[in-house]
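These notes are about the structure you will find just below.
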Amino acid sequence: MNDTMTVRNVRDAFRARTRSAAETCRDALARIERLDPQLHAFNTIVADRALARAESIDRHFDRWRHAPLAGVPVALKDNLCTRGLRTTASSRILERFVPPYDATVVARLETAGAVIVGKTNCDEFAMGSSNENSAFGPTRNPWAVDRTPGGSSGGSAAAVAAGMAPLALGSDTGGSVRQPACLCGVVGLKPTYGRVSRYGLIAFGSSLDQIGPMTRSVGDAATVLAVIAGEDPADATSAPEPVPDYASALEQGGGDIRGSRIGVPWSLLDQGVDADVRRAIDAALQVLRARGATLVNVDLPHAKHAIAVYYLVATAEASSNLARYDGVRYGYRADCTELRAMYAKTRAQGFGPEVKRRIMLGTYVLSAGYYDAYYLKAQQVRTLILRDYEHAFGGPHAVDVIAMPTSPTAAFRLGERVSDPLQMYLADIFTVSANLAGLPAISVPCGFTADQLPVGLQLTGRRFDEATLLRVADAYERDTAWWTQHPPIARR
Amino acid sequence: MPSGFTRDEVAAIAALAHLELDASEIDLFARQLGEVLAYAAEVQQIDTTGVAPTASVVTRHAADRPDAVRPSLDRAEALANAPDAAVEAGLFKVPRVMG
């Protein structure tokens, strides 16, 4: 039955009283119990808490019947603070950290009736593209357990792909929602910077981080975005723009994208994109064209520098953000009798190799004598990348969305890239620009490679125009069945 | 621009970051940081004359709010995750600062 478990099916069944929140919750927990030993999507599973909450929702049916996510099981990336529930960021340094408050998104999900089933595995502090940087061991891809689910929100993607929950939240600093969604064959949305409050998200790159939903369908992503979006006094970067009813707009729109202009940066697609991925993207573009959209070439001349800019800016911000882990107020502390040595040993023993690498890189690019050459320069090129997008989305030849692959390859094998950080970074080529420019972007399933590994189409939109982004993605989904495919491991 | 780092340079960065590295980590990072920076140095070839840096894409800030006293984290809760705390006294504790 779980093969049709979507957010809206679960909620509608609850409303119609054809399936209780507790029944749905028990199914999700049974799935987790059966599959998680193989997939390791979760760091923490809260079966009792989830079931108690679901039963409470059932007992108070009238109070919850109109809630947008009533009874919907949700898996939360383990870098989102949950009051009273261990939150580790998949790091030894936070292995026993129990937050005294909820992230704003967590509070909003629960107010909307969602039921937290657990905290998902990720790359340590969300730094990585494969989940192999988790201090607790990698998550495995449900489509091929010898392969990565992507990262950093790999546990969230695997949980949704394997039907362990119809909804997960991830965070996306350089593609960490979209790339694992792509590699696991689910939908992943990174909202506009500022669209969703970051309060209670363990910070990595504060000018880039954004929380987003991972779901089976575009309509589900729309439903969840409306719940988590909106201004929050606790996050000064959250935006006051009104939050439309995204899901109703999709229903009313009926998948009509006639006259839409879809930009394609063809020159970017000519290099380094796997042939199977390219074929799937070309076919996806034809689906959009058949629905009445016009494909337009767009130039993003500075996009090829996005990786360089990203790894200078993100590591600089990370080195600053992670200075707080000093063994004093929370987290792991090394046994030491002198303060400065305690800091250095705590951080040496608490952080894994990739986190140390990025702290080192960020510290270097911010240090006296190199700041102008690296960090300032990267910020200037960031402006040029932003202008490329403004140009594409503005003026007389403006496009409505820009389409490209989410990842240049399908899921790679675990262990294949761990010894070469630069090669791992280069795979983020199509995703980091949206973070640098603060734009919303979505990955939707658009086919499979010859090896039966999922491929994802990425659409990028104007600032705060998630509505258009979702409309195009929804139109695509209406004419394709990729999103209904389930990995063999999750079939019954 | 550095195509590689010396062990001393890596150790100096680690000291700035309050990060103790062992000998093998210093060797590894000397090589890997050099490789990543050699790649990232491509930004230096781009003409950015007169281009303002972007530190944040936020265009409007709600910087002002009423300076009203509001409830905040309870002291015991604030101390609950501390590796070593004098809960009764309401203090975090650290090892001695002076040698």
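How things are named: the first chain in the structure tokens is A, the next is B, and so on; residues count from 1 in each chain; ligands count from 1 in the order shown.
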
For this session: Please return, as a PyMOL selection string, all residues of chain A lying within 8 Å of chain B when only C-alpha atoms are considered.
Result: chain A and resi 97-98+100+193-194+207+236-237+305+307-309+311-312+319+323+327-333+336-340+342-345+347-348+356-357+359-361+363-364+373-374+376-384+421-422+437-438

For this session: Could you give me the residues within chain B that DSSP places in alpha helix (DSSP H), as a ChimeraX atom specification?
Result: /B:7-16,23-40,75-79

Problem set entry | Point-to-point distance in Å for CA of Pro166 (chain A) and CA of Ala28 (chain A) |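 Rounded to one decimal, the two atoms are 8.7 Å apart.
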
Exercise. Hey, can you check how far CA of Ala221 (chain A) sits from CA of Ala314 (chain A)?
Worked result: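 Separation between CA of Ala221 (chain A) and CA of Ala314 (chain A): 26.3 Å.
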
Problem set entry | Residue contacts of region 107-121 of chain A (7 Å, only C-alpha atoms) excluding same-chain residues fewer than 3 positions away, as a ChimeraX atom specification | /A:41-47,50,53-54,64,67-78,90,102-104,139,154-156,227-228

Exercise. Near Gly174 (chain A), counting only C-alpha atoms, which residues have an atom at most 7 Å away, once you skip same-chain residues fewer than 2 positions from it, shown as JSON, numbers by chain?
Worked result: {"A": [172, 176, 431, 432, 435]}

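Proximity to Ala144 (chain A) was assessed for A:Thr480, A:Gln38, A:Ser433, A:Ser407 counting only C-alpha atoms; the smallest distance is recorded for A:Gln38.
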
For this session: Return the single residue from A:Tyr199, A:Tyr375, A:Tyr389, A:Tyr325 that is closest to Val298 (chain A), with distances computed using only C-alpha atoms.
Result: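 When distances to Val298 (chain A) are compared using only C-alpha atoms, the smallest one comes from A:Tyr389.
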
For this session: Quick one: pick out all strand (DSSP E or B) residues within chain B from a backbone DSSP run and write them as a ChimeraX atom specification.
Result: /B:85-86,91-92,96

For this session: Go ahead and compute the interatomic distance for CA of Gly188 (chain A) and CA of Arg15 (chain A), in Å to one decimal.
Result: 25.9 Å

Problem set entry | Near-Thr173 (chain A) list (10 Å; only C-alpha atoms; drop same-chain fewer than 6 positions) as a list in words | Ala126, Met127, Ser152, Lys190, Ala203, Phe204, Gly205, Ser206, Ser207, Leu208, Asp209, Gln210, Ile211, Tyr310, Ala314, Thr431, Val432, Ala434, Asn435 and Leu436 of chain A
